[in-house]
>>> print(open('upload_20.txt').read())   # compact mmCIF, C-alpha atoms and all ligand atoms
# COMPACT_ATOMS: atom_id res chain seq x y z
CA MET A 1 69.79 -45.77 150.64
CA VAL A 2 67.10 -43.70 152.29
CA LYS A 3 65.47 -40.80 150.42
CA ALA A 4 62.73 -38.50 151.64
CA VAL A 5 60.11 -36.79 149.52
CA VAL A 6 58.68 -33.77 151.30
CA GLY A 7 56.92 -30.49 150.51
CA ALA A 8 58.39 -26.98 150.65
CA ASN A 9 55.13 -25.08 150.79
CA TRP A 10 51.65 -25.51 152.26
CA GLY A 11 51.09 -29.02 150.96
CA ASP A 12 49.56 -30.20 147.67
CA GLU A 13 52.83 -29.65 145.85
CA GLY A 14 52.48 -32.91 143.94
CA LYS A 15 54.41 -35.13 146.39
CA GLY A 16 52.14 -38.07 145.61
CA LYS A 17 53.12 -38.02 141.96
CA ILE A 18 56.85 -37.72 142.71
CA THR A 19 56.70 -40.48 145.32
CA ASP A 20 54.68 -42.72 143.02
CA MET A 21 57.28 -42.14 140.32
CA LEU A 22 60.22 -42.84 142.64
CA SER A 23 58.54 -45.76 144.35
CA LYS A 24 59.06 -47.82 141.19
CA GLU A 25 62.71 -48.02 142.21
CA ALA A 26 62.09 -48.27 145.95
CA ASP A 27 61.95 -51.49 147.90
CA ILE A 28 60.09 -49.82 150.75
CA VAL A 29 57.90 -46.71 151.04
CA VAL A 30 57.24 -45.34 154.53
CA ARG A 31 54.67 -42.87 155.80
CA PHE A 32 56.18 -41.23 158.87
CA GLN A 33 53.75 -38.53 160.07
CA GLY A 34 50.26 -37.11 159.69
CA GLY A 35 47.08 -38.99 159.12
CA ALA A 36 44.05 -39.11 156.89
CA ASN A 37 43.80 -35.31 156.97
CA ALA A 38 45.65 -34.72 153.73
CA GLY A 39 45.63 -36.60 150.50
CA HIS A 40 47.88 -37.36 147.62
CA THR A 41 46.49 -37.60 144.15
CA ILE A 42 48.13 -40.24 142.03
CA VAL A 43 47.52 -40.91 138.35
CA ASN A 44 48.88 -44.19 136.98
CA GLU A 45 47.95 -47.09 134.73
CA TYR A 46 45.18 -48.15 137.14
CA GLY A 47 43.46 -44.76 137.11
CA LYS A 48 43.32 -41.72 139.37
CA PHE A 49 43.46 -42.25 143.12
CA ALA A 50 43.33 -40.07 146.21
CA LEU A 51 45.33 -41.72 148.98
CA HIS A 52 45.08 -40.45 152.53
CA THR A 53 46.76 -43.10 154.60
CA LEU A 54 48.27 -45.72 152.31
CA PRO A 55 51.84 -45.05 151.21
CA SER A 56 52.21 -44.15 147.53
CA GLY A 57 54.17 -47.36 146.88
CA SER A 58 50.88 -49.24 147.10
CA PHE A 59 50.65 -49.40 143.31
CA CYS A 60 54.04 -51.00 142.80
CA GLU A 61 54.12 -54.76 143.12
CA GLY A 62 57.14 -55.79 145.12
CA THR A 63 57.24 -52.56 147.15
CA THR A 64 56.65 -52.89 150.86
CA ASN A 65 54.51 -50.09 152.31
CA ILE A 66 55.00 -49.13 155.91
CA ILE A 67 52.82 -47.11 158.24
CA GLY A 68 55.47 -45.76 160.60
CA ASN A 69 55.19 -45.08 164.30
CA GLY A 70 54.83 -41.32 163.68
CA VAL A 71 51.56 -41.65 161.78
CA ALA A 72 48.09 -40.90 163.18
CA LEU A 73 46.61 -44.23 162.17
CA ASN A 74 42.94 -44.30 161.34
CA ILE A 75 42.46 -48.05 161.02
CA PRO A 76 39.05 -48.16 159.28
CA VAL A 77 40.15 -45.46 156.81
CA LEU A 78 43.33 -47.41 156.03
CA PHE A 79 41.45 -50.62 155.28
CA LYS A 80 38.74 -48.85 153.32
CA GLU A 81 41.50 -47.41 151.17
CA VAL A 82 43.06 -50.85 150.71
CA LYS A 83 39.66 -52.23 149.66
CA ASP A 84 39.03 -49.31 147.27
CA ILE A 85 42.24 -49.80 145.36
CA VAL A 86 41.95 -53.60 145.28
CA ASP A 87 38.36 -53.26 144.00
CA ARG A 88 39.72 -51.17 141.15
CA GLY A 89 42.16 -53.86 140.03
CA VAL A 90 45.34 -52.93 141.91
CA PRO A 91 47.08 -56.01 143.38
CA MET A 92 46.84 -56.20 147.19
CA PRO A 93 49.69 -53.99 148.43
CA LYS A 94 52.33 -55.38 150.75
CA LEU A 95 51.62 -53.54 153.98
CA LEU A 96 53.28 -53.34 157.41
CA VAL A 97 51.97 -51.31 160.33
CA SER A 98 54.20 -50.20 163.19
CA ASP A 99 53.28 -51.71 166.54
CA ARG A 100 54.12 -48.29 168.00
CA ALA A 101 51.89 -46.28 165.68
CA GLN A 102 49.07 -44.71 167.64
CA ILE A 103 45.42 -45.10 166.82
CA VAL A 104 43.05 -42.31 165.85
CA MET A 105 40.14 -43.00 168.21
CA PRO A 106 36.55 -42.31 167.19
CA TYR A 107 36.43 -39.57 169.83
CA HIS A 108 39.41 -37.77 168.31
CA ILE A 109 37.28 -37.13 165.26
CA LEU A 110 34.36 -35.98 167.41
CA PHE A 111 36.53 -33.63 169.45
CA ASP A 112 37.97 -32.17 166.25
CA GLU A 113 34.43 -31.41 165.01
CA TYR A 114 33.21 -30.10 168.34
CA GLU A 115 36.19 -27.81 168.80
CA GLU A 116 35.88 -26.33 165.30
CA GLU A 117 32.18 -25.78 166.02
CA ARG A 118 32.99 -24.09 169.33
CA LEU A 119 35.61 -21.82 167.72
CA ALA A 120 33.15 -20.94 164.94
CA GLY A 121 34.56 -17.93 163.04
CA LYS A 122 37.96 -18.42 164.72
CA SER A 123 38.35 -22.03 163.62
CA PHE A 124 41.49 -23.51 162.06
CA GLY A 125 39.74 -24.87 159.01
CA SER A 126 40.53 -28.38 160.22
CA THR A 127 39.66 -31.32 157.98
CA LYS A 128 38.02 -32.83 161.10
CA SER A 129 40.01 -36.02 160.81
CA GLY A 130 40.89 -35.95 164.50
CA ILE A 131 44.53 -35.09 163.96
CA ALA A 132 44.97 -32.28 166.51
CA PRO A 133 43.13 -34.16 169.31
CA PHE A 134 45.10 -37.29 168.37
CA TYR A 135 48.54 -35.67 168.68
CA SER A 136 47.44 -33.76 171.80
CA ASP A 137 46.63 -37.08 173.44
CA LYS A 138 49.83 -38.69 172.18
CA PHE A 139 51.95 -36.04 173.87
CA ALA A 140 49.68 -35.91 176.93
CA LYS A 141 50.49 -39.64 177.16
CA ILE A 142 46.90 -40.82 176.94
CA GLY A 143 47.07 -42.14 173.39
CA PHE A 144 46.82 -45.79 172.37
CA GLN A 145 49.56 -47.60 170.49
CA VAL A 146 48.62 -50.41 168.12
CA ALA A 147 50.47 -52.84 170.42
CA GLU A 148 48.02 -52.01 173.22
CA LEU A 149 45.20 -53.68 171.27
CA PHE A 150 46.80 -57.00 172.16
CA ASP A 151 46.47 -56.74 175.94
CA GLU A 152 42.75 -56.65 176.51
CA THR A 153 42.76 -56.33 180.29
CA ALA A 154 45.14 -53.40 180.30
CA LEU A 155 43.28 -51.82 177.39
CA LYS A 156 39.91 -51.93 179.19
CA GLU A 157 41.38 -50.41 182.29
CA LYS A 158 43.12 -47.62 180.39
CA LEU A 159 40.02 -46.83 178.34
CA GLN A 160 38.03 -46.34 181.51
CA ARG A 161 40.66 -44.01 182.90
CA VAL A 162 40.98 -41.91 179.75
CA ILE A 163 37.27 -41.62 179.21
CA VAL A 164 36.69 -39.97 182.57
CA GLN A 165 38.63 -36.95 181.34
CA LYS A 166 37.00 -36.94 177.91
CA ASN A 167 33.53 -37.10 179.40
CA VAL A 168 34.11 -34.06 181.58
CA LEU A 169 34.85 -32.06 178.43
CA LEU A 170 31.94 -33.56 176.53
CA GLU A 171 29.48 -32.80 179.30
CA HIS A 172 30.63 -29.37 180.37
CA LEU A 173 32.50 -27.77 177.47
CA TYR A 174 30.83 -29.21 174.40
CA LYS A 175 27.48 -30.37 175.83
CA LYS A 176 27.54 -33.52 173.72
CA PRO A 177 26.74 -37.22 174.33
CA LEU A 178 29.16 -39.04 176.63
CA LEU A 179 31.51 -41.89 175.70
CA ASN A 180 30.98 -45.45 176.79
CA ALA A 181 34.05 -47.58 177.56
CA ASP A 182 32.43 -50.90 176.57
CA GLU A 183 31.38 -49.60 173.17
CA LEU A 184 34.83 -48.18 172.56
CA PHE A 185 36.42 -51.45 173.59
CA ASP A 186 34.26 -53.32 171.05
CA THR A 187 35.26 -50.86 168.34
CA LEU A 188 38.92 -51.35 169.20
CA MET A 189 38.51 -55.11 168.95
CA GLU A 190 37.16 -54.59 165.42
CA TYR A 191 40.23 -52.46 164.67
CA LYS A 192 42.45 -55.20 166.06
CA LYS A 193 40.97 -57.77 163.68
CA MET A 194 41.64 -55.50 160.71
CA VAL A 195 45.20 -54.57 161.58
CA GLU A 196 46.53 -57.75 163.22
CA PRO A 197 48.00 -59.45 160.09
CA TYR A 198 50.14 -56.39 159.32
CA VAL A 199 51.51 -55.37 162.71
CA CYS A 200 55.23 -55.66 163.43
CA ASP A 201 58.27 -53.80 164.73
CA THR A 202 58.77 -51.72 161.59
CA SER A 203 61.76 -49.87 163.03
CA ALA A 204 63.65 -53.17 163.41
CA TYR A 205 62.50 -54.19 159.92
CA LEU A 206 63.84 -50.93 158.46
CA TYR A 207 67.12 -51.22 160.38
CA GLN A 208 67.72 -54.59 158.75
CA ALA A 209 66.58 -53.30 155.36
CA ILE A 210 69.13 -50.47 155.56
CA LYS A 211 71.85 -53.01 156.43
CA ASP A 212 70.78 -55.08 153.42
CA GLY A 213 71.19 -52.06 151.16
CA LYS A 214 67.50 -51.67 150.31
CA ASP A 215 66.13 -48.50 148.75
CA ILE A 216 63.77 -46.79 151.13
CA LEU A 217 61.55 -43.81 150.42
CA LEU A 218 60.12 -41.69 153.23
CA GLU A 219 56.90 -40.06 152.16
CA GLY A 220 56.02 -36.74 153.75
CA GLN A 221 52.62 -35.16 153.99
CA LEU A 222 51.81 -31.44 153.72
CA GLY A 223 54.79 -29.06 153.57
CA SER A 224 57.34 -27.02 155.52
CA LEU A 225 54.96 -24.15 156.22
CA LYS A 226 52.55 -26.48 158.02
CA ASP A 227 55.25 -27.72 160.41
CA PRO A 228 54.31 -27.02 164.04
CA ASP A 229 57.77 -25.60 164.86
CA HIS A 230 58.91 -23.96 161.65
CA GLY A 231 55.62 -23.23 159.90
CA ILE A 232 52.96 -20.56 160.23
CA TYR A 233 52.00 -21.47 163.78
CA PRO A 234 49.22 -21.86 164.90
CA MET A 235 47.80 -22.41 161.40
CA VAL A 236 49.85 -25.58 161.07
CA THR A 237 49.31 -29.29 161.32
CA SER A 238 49.99 -31.21 164.51
CA SER A 239 52.97 -33.34 163.50
CA SER A 240 56.27 -32.35 161.93
CA THR A 241 56.23 -32.22 158.15
CA LEU A 242 60.03 -32.10 157.89
CA ALA A 243 62.38 -34.71 156.47
CA ALA A 244 64.27 -34.73 159.77
CA TYR A 245 61.17 -36.08 161.44
CA GLY A 246 61.29 -38.94 158.97
CA ALA A 247 63.99 -40.47 161.13
CA ILE A 248 61.77 -40.35 164.20
CA GLY A 249 58.47 -41.21 162.56
CA ALA A 250 59.98 -44.21 160.78
CA GLY A 251 62.37 -45.17 163.58
CA ILE A 252 65.65 -45.02 161.63
CA PRO A 253 69.00 -43.30 162.27
CA PRO A 254 68.89 -39.65 161.10
CA TYR A 255 72.23 -39.94 159.28
CA GLU A 256 70.75 -42.58 156.96
CA ILE A 257 68.62 -40.03 155.10
CA LYS A 258 70.94 -39.26 152.19
CA GLN A 259 68.68 -37.48 149.75
CA ILE A 260 65.94 -34.98 150.52
CA ILE A 261 63.76 -34.30 147.51
CA THR A 262 61.69 -31.24 148.23
CA VAL A 263 58.64 -30.83 146.04
CA VAL A 264 57.94 -27.26 145.00
CA LYS A 265 54.94 -26.22 142.97
CA ALA A 266 55.32 -23.70 140.12
CA TYR A 267 52.63 -21.50 141.69
CA SER A 268 51.11 -21.42 145.18
CA SER A 269 48.03 -22.95 146.72
CA ALA A 270 46.94 -23.45 150.29
CA VAL A 271 44.05 -24.86 152.24
CA GLY A 272 42.81 -23.76 155.63
CA ALA A 273 43.29 -20.43 157.35
CA GLY A 274 46.52 -18.48 157.84
CA ALA A 275 48.67 -15.82 156.18
CA PHE A 276 49.28 -16.40 152.47
CA VAL A 277 51.26 -13.44 151.17
CA SER A 278 51.18 -14.07 147.41
CA GLU A 279 47.47 -14.96 147.41
CA ILE A 280 45.37 -13.89 144.44
CA PHE A 281 41.60 -13.49 144.26
CA GLY A 282 38.68 -13.12 141.88
CA ASP A 283 38.84 -14.16 138.24
CA GLU A 284 42.62 -14.42 138.25
CA ALA A 285 42.46 -16.97 141.08
CA ASP A 286 39.48 -18.80 139.58
CA GLU A 287 41.28 -19.26 136.29
CA LEU A 288 44.41 -20.68 137.93
CA ARG A 289 42.32 -22.86 140.27
CA LYS A 290 40.35 -24.29 137.37
CA ARG A 291 43.46 -25.07 135.34
CA GLY A 292 45.63 -26.13 138.29
CA GLY A 293 46.82 -29.58 139.29
CA ASP A 294 45.04 -32.28 137.36
CA GLY A 295 41.40 -31.27 137.10
CA GLY A 296 41.55 -28.19 139.29
CA GLU A 297 42.85 -27.17 142.70
CA TYR A 298 40.34 -28.70 145.06
CA GLY A 299 41.32 -30.50 148.28
CA ALA A 300 41.99 -34.23 147.83
CA THR A 301 40.39 -34.93 151.23
CA THR A 302 37.70 -32.27 151.52
CA GLY A 303 36.99 -31.23 147.91
CA ARG A 304 37.08 -27.60 149.02
CA PRO A 305 38.51 -25.01 146.63
CA ARG A 306 42.15 -24.25 147.42
CA ARG A 307 43.36 -20.68 147.96
CA MET A 308 45.58 -19.68 145.04
CA GLY A 309 48.65 -17.48 144.68
CA TRP A 310 51.71 -16.72 142.58
CA PHE A 311 54.98 -18.52 143.20
CA ASP A 312 56.50 -17.33 146.47
CA CYS A 313 60.32 -17.28 146.44
CA VAL A 314 60.54 -16.13 150.07
CA ALA A 315 58.39 -18.93 151.47
CA THR A 316 59.94 -21.53 149.17
CA LYS A 317 63.55 -20.59 149.89
CA TYR A 318 62.76 -20.96 153.59
CA GLY A 319 60.69 -24.11 153.05
CA CYS A 320 63.57 -25.75 151.16
CA ARG A 321 66.17 -24.71 153.72
CA ILE A 322 64.24 -26.04 156.67
CA GLN A 323 63.76 -29.38 154.90
CA GLY A 324 67.49 -29.77 154.28
CA THR A 325 66.87 -30.01 150.55
CA THR A 326 69.34 -31.82 148.31
CA ASP A 327 67.08 -31.79 145.22
CA VAL A 328 64.06 -29.77 144.18
CA ALA A 329 61.29 -31.37 142.13
CA PHE A 330 59.48 -28.47 140.44
CA THR A 331 55.90 -29.49 139.63
CA VAL A 332 52.78 -28.50 137.69
CA LEU A 333 54.75 -26.15 135.50
CA ASP A 334 52.57 -27.11 132.50
CA VAL A 335 49.61 -25.36 134.14
CA LEU A 336 51.20 -21.92 133.71
CA GLY A 337 51.30 -22.24 129.91
CA TYR A 338 48.18 -20.07 129.44
CA LEU A 339 49.62 -16.89 130.95
CA ASP A 340 51.07 -13.96 128.95
CA GLU A 341 52.99 -12.83 131.98
CA ILE A 342 53.69 -14.60 135.25
CA PRO A 343 54.09 -12.63 138.46
CA VAL A 344 56.44 -14.11 141.07
CA CYS A 345 56.72 -12.97 144.68
CA VAL A 346 60.39 -12.11 145.27
CA GLY A 347 60.19 -10.31 148.60
CA TYR A 348 57.93 -9.36 151.49
CA GLU A 349 57.36 -5.75 152.45
CA ILE A 350 56.84 -5.52 156.19
CA ASP A 351 56.42 -2.12 157.86
CA GLY A 352 57.99 -0.41 154.85
CA GLU A 353 61.02 -2.72 154.67
CA VAL A 354 61.60 -5.42 152.09
CA THR A 355 62.94 -8.79 153.19
CA THR A 356 63.57 -12.15 151.57
CA ASP A 357 63.69 -13.91 154.95
CA PHE A 358 60.52 -15.70 155.97
CA PRO A 359 59.25 -14.07 159.19
CA THR A 360 57.39 -15.34 162.26
CA THR A 361 53.61 -15.34 162.10
CA ALA A 362 52.79 -11.89 163.53
CA LYS A 363 55.05 -10.21 160.99
CA LEU A 364 53.90 -12.50 158.24
CA GLU A 365 50.34 -11.24 158.76
CA LYS A 366 51.57 -7.75 157.84
CA ALA A 367 53.66 -8.78 154.82
CA LYS A 368 52.77 -7.51 151.35
CA PRO A 369 54.17 -9.25 148.29
CA VAL A 370 56.87 -7.64 146.18
CA LEU A 371 56.17 -8.99 142.72
CA LYS A 372 58.38 -9.38 139.68
CA VAL A 373 56.71 -10.15 136.40
CA LEU A 374 58.28 -12.74 134.10
CA PRO A 375 57.22 -13.39 130.50
CA GLY A 376 55.05 -16.45 129.88
CA TRP A 377 55.72 -19.12 127.23
CA LYS A 378 52.18 -19.52 125.93
CA THR A 379 52.51 -23.14 124.85
CA ASP A 380 51.61 -26.55 126.16
CA ILE A 381 54.78 -28.15 127.51
CA ARG A 382 53.23 -31.54 128.30
CA GLY A 383 54.97 -34.42 126.57
CA ILE A 384 58.37 -32.70 126.45
CA LYS A 385 61.09 -35.03 127.76
CA LYS A 386 64.26 -32.96 127.47
CA TYR A 387 65.09 -29.78 129.31
CA GLU A 388 66.55 -28.11 126.22
CA GLU A 389 63.27 -28.66 124.40
CA LEU A 390 61.32 -26.49 126.83
CA PRO A 391 60.49 -22.99 125.50
CA GLU A 392 63.12 -20.43 126.39
CA ASN A 393 60.84 -18.39 128.66
CA CYS A 394 59.89 -21.56 130.49
CA ARG A 395 63.54 -22.41 131.13
CA LYS A 396 64.08 -18.81 132.23
CA TYR A 397 61.23 -19.17 134.73
CA ILE A 398 62.78 -22.35 136.16
CA GLU A 399 66.25 -20.83 136.32
CA PHE A 400 64.93 -17.65 137.93
CA VAL A 401 63.18 -19.64 140.64
CA GLU A 402 66.25 -21.81 141.17
CA LYS A 403 68.44 -18.77 141.70
CA GLU A 404 65.97 -17.13 144.09
CA ILE A 405 65.48 -20.22 146.27
CA GLY A 406 69.11 -21.31 146.18
CA PHE A 407 68.56 -25.05 145.77
CA PRO A 408 69.04 -27.15 142.60
CA ILE A 409 65.96 -28.01 140.58
CA THR A 410 66.87 -31.48 139.33
CA MET A 411 63.40 -32.59 138.22
CA VAL A 412 60.67 -30.70 136.39
CA SER A 413 57.19 -32.19 136.32
CA ASN A 414 55.12 -31.24 133.27
CA GLY A 415 52.01 -33.34 133.74
CA PRO A 416 50.26 -35.49 136.36
CA GLY A 417 51.41 -38.89 135.05
CA ARG A 418 54.43 -40.88 136.21
CA GLU A 419 56.24 -40.39 132.90
CA ASP A 420 55.69 -36.60 132.79
CA ILE A 421 59.09 -35.73 134.17
CA ILE A 422 62.18 -33.97 132.89
CA TYR A 423 65.48 -34.71 134.64
CA ARG A 424 68.15 -32.02 134.56
P1 LIG A 501 50.37 -33.82 147.21
O1 LIG A 501 49.55 -33.92 148.43
O2 LIG A 501 51.61 -33.02 147.43
O3 LIG A 501 50.66 -35.15 146.60
O4 LIG A 501 49.56 -32.98 146.13
P2 LIG A 501 48.10 -33.24 145.55
O5 LIG A 501 48.01 -34.61 145.06
O6 LIG A 501 47.06 -32.75 146.44
O7 LIG A 501 48.09 -32.18 144.36
C1 LIG A 501 48.80 -32.30 143.25
C2 LIG A 501 47.84 -32.33 142.06
O8 LIG A 501 48.55 -31.98 140.94
C3 LIG A 501 47.28 -33.70 141.77
O9 LIG A 501 46.01 -33.56 141.17
C4 LIG A 501 48.28 -34.29 140.81
O10 LIG A 501 47.74 -35.29 139.95
C5 LIG A 501 48.63 -33.08 140.03
N1 LIG A 501 49.97 -33.01 139.51
C6 LIG A 501 51.15 -33.40 140.07
N2 LIG A 501 52.18 -33.05 139.28
C7 LIG A 501 51.64 -32.41 138.22
C8 LIG A 501 52.18 -31.77 137.07
O11 LIG A 501 53.38 -31.70 136.87
N3 LIG A 501 51.28 -31.21 136.21
C9 LIG A 501 49.94 -31.23 136.39
N4 LIG A 501 49.15 -30.65 135.50
N5 LIG A 501 49.40 -31.80 137.47
C10 LIG A 501 50.24 -32.39 138.36
>>> encode(input="upload_20.txt", output="structure tokens")
Amino acid sequence: MVKAVVGANWGDEGKGKITDMLSKEADIVVRFQGGANAGHTIVNEYGKFALHTLPSGSFCEGTTNIIGNGVALNIPVLFKEVKDIVDRGVPMPKLLVSDRAQIVMPYHILFDEYEEERLAGKSFGSTKSGIAPFYSDKFAKIGFQVAELFDETALKEKLQRVIVQKNVLLEHLYKKPLLNADELFDTLMEYKKMVEPYVCDTSAYLYQAIKDGKDILLEGQLGSLKDPDHGIYPMVTSSSTLAAYGAIGAGIPPYEIKQIITVVKAYSSAVGAGAFVSEIFGDEADELRKRGGDGGEYGATTGRPRRMGWFDCVATKYGCRIQGTTDVAFTVLDVLGYLDEIPVCVGYEIDGEVTTDFPTTAKLEKAKPVLKVLPGWKTDIRGIKKYEELPENCRKYIEFVEKEIGFPITMVSNGPGREDIIYR
């Protein structure tokens, strides 16, 4: 059976933890989109890890980890990550890389930096991992698939062709050093050496695995609101963050995805620019940021402080719907235990009218939060294993959110570790 674990919000919902937990039962974990621009934080018996490219199944012996065709594959980052975890005592993960995955080129990272520099105050707050230039090239049909590393003559010729265009931009728009095709070719040959043992037709592998009844987990990155079609465009990422895209980015039939576990965080956080209706500031935000996640709400990739906000029912209801949610995993609820009262955003006021429908970006910019204040529970809920043992106000918070978003909360996460989970 194929399951997907995806985010309902702006990312950082705790997908890494949920995937790590579920990957114990999975035969295969697949990354299907995005690149090294976001990170999952995983806490397990080996320690605390920030993964950017490796699938979260990398800590489970016996699990096969697949980099699907939809991923922006940064080859040196992938193998640095493999080395980092192996150096810390984790057994070498079983890894397969799609022959159709495309390669993040060194110049994608440069163009990402140069463009953010050029935009200055109007920048996207990119992590400068090359993701937007990478996907632009993929769809402009000048990207490089992993399979292309294995035809050196064709590769050289294509590099020369692509570089002509890049160098015009470098010279005239960015006024930066030009690219050299021979140097790039040598770099790609290094990449080839690293990736060669793992390359295969992962779509065919997965097709057979489905036939054999294997359990497959699709691991999403970021969340619904960062989707280029359905998110807060243009302050989005450059590949689809939706479970539906899992079929494309892994190369499997869409009807095989039977369960869509949407991870929802008990409060809001976001990185990068863009409208964030329930955002809070000052001491209130600092307090939540400091207590949030596991050791504070700071980006797993960039270390930058995340923007903080109260739980947003409007954005989450929409985020869950657009994912096709079958189950909600409600995370980091333990963090809210310090609050006397917990505000929740239940509507958006736009031009004097209140709505619970998530609007397009221009309207979203004008939205003001309509808050409802719920009582806090003022206790530490970590370690609790049964739903009935949660404090009453905590259960009321969960049930209120469930009713507002309209999707069943079947898992409640009350701590960063694998075992900190309450099934309902
Ligand atoms: P992801 O990208 O969606 O995997 O999210 P991140 O890993 O960036 O952020 C989630 C953070 O919250 C990480 O530091 C996790 O270890 C932590 N975390 C996940 N679930 C819980 C939870 O239930 N409680 C607490 N306190 N921390 C959690």
>>> residues_near_ligand(input="upload_20.txt", ligand="ligand LIG 501 (chain A)", cutoff="8 Å", atoms="all atoms listed in the file", output="NGL selection string")
:A and (7 or 11-18 or 38-43 or 48 or 50 or 221-223 or 263 or 291-300 or 330-335 or 412-417 or 420-421)
>>> closest_residue(input="upload_20.txt", among="A:Leu179, A:Ile252, A:Ile232, A:Leu78", to="Tyr198 of chain A", atoms="only C-alpha atoms")
A:Leu78
>>> atom_distance(input="upload_20.txt", atom1="atom CA of Glu388 of chain A", atom2="atom CA of Glu404 of chain A")
21.0 Å
>>> residues_around(input="upload_20.txt", residues="segment 212-217 of chain A", least_positions_apart="5", cutoff="6 Å", atoms="all atoms listed in the file", output="PyMOL selection string")
chain A and resi 1-4+26-29
>>> residues_near_point(input="upload_20.txt", point="(56.4, -6.9, 148.9)", cutoff="10 Å", atoms="all atoms listed in the file", output="list in words")
Val277, Ser278, Cys345, Val346, Gly347, Tyr348, Glu349, Ile350, Gly352, Glu353, Val354, Thr355, Thr356, Ala367, Lys368, Pro369, Val370, Leu371 and Lys372 of chain A
>>> atom_distance(input="upload_20.txt", atom1="atom CA of Glu148 of chain A", atom2="atom CA of Met194 of chain A")
14.5 Å
>>> residues_near_point(input="upload_20.txt", point="(41.8, -44.4, 146.1)", cutoff="12 Å", atoms="all atoms listed in the file", output="MDAnalysis selection string")
chainID A and resid 39:44 46:56 58:59 77:90 300:301
>>> atom_distance(input="upload_20.txt", atom1="atom CA of Trp10 of chain A", atom2="atom CA of Ile422 of chain A")
23.6 Å
>>> closest_atom_pairs(input="upload_20.txt", of="segment 197-314 of chain A", to="segment 95-108 of chain A", cutoff="6 Å", atoms="all atoms listed in the file", output="CSV")
residue,atom,partner,partner_atom,distance
A:Tyr198,CA,A:Leu96,CA,4.8
A:Val199,CA,A:Val97,CA,4.7
A:Cys200,CA,A:Asp99,CA,5.4
A:Asp201,CA,A:Ser98,CA,5.6
A:Thr202,CA,A:Ser98,CA,5.1
>>> residues_around(input="upload_20.txt", residues="segment 393-400 of chain A", least_positions_apart="4", cutoff="8 Å", atoms="only C-alpha atoms", output="ChimeraX atom specification")
/A:374-377,387,404,409
>>> closest_residue(input="upload_20.txt", among="A:Glu392, A:Asp137, A:Glu287, A:Glu402", to="Ala266 of chain A", atoms="all atoms listed in the file")
A:Glu402
>>> closest_residue(input="upload_20.txt", among="A:Thr326, A:Ser238, A:Ser268, A:Ser126", to="Val314 of chain A", atoms="only C-alpha atoms")
A:Ser268
>>> closest_residue(input="upload_20.txt", among="A:Ile131, A:Ala204, A:Leu173, A:Ile405", to="Thr262 of chain A", atoms="all atoms listed in the file")
A:Ile405
>>> residues_around(input="upload_20.txt", residues="Gly231 of chain A", least_positions_apart="5", cutoff="12 Å", atoms="all atoms listed in the file", output="JSON, numbers by chain")
{"A": [7, 8, 9, 10, 11, 222, 223, 224, 225, 226, 236, 237, 238, 239, 240, 241, 242, 274, 275, 276, 315, 316, 318, 319, 322, 323, 358, 359, 360, 361, 364]}
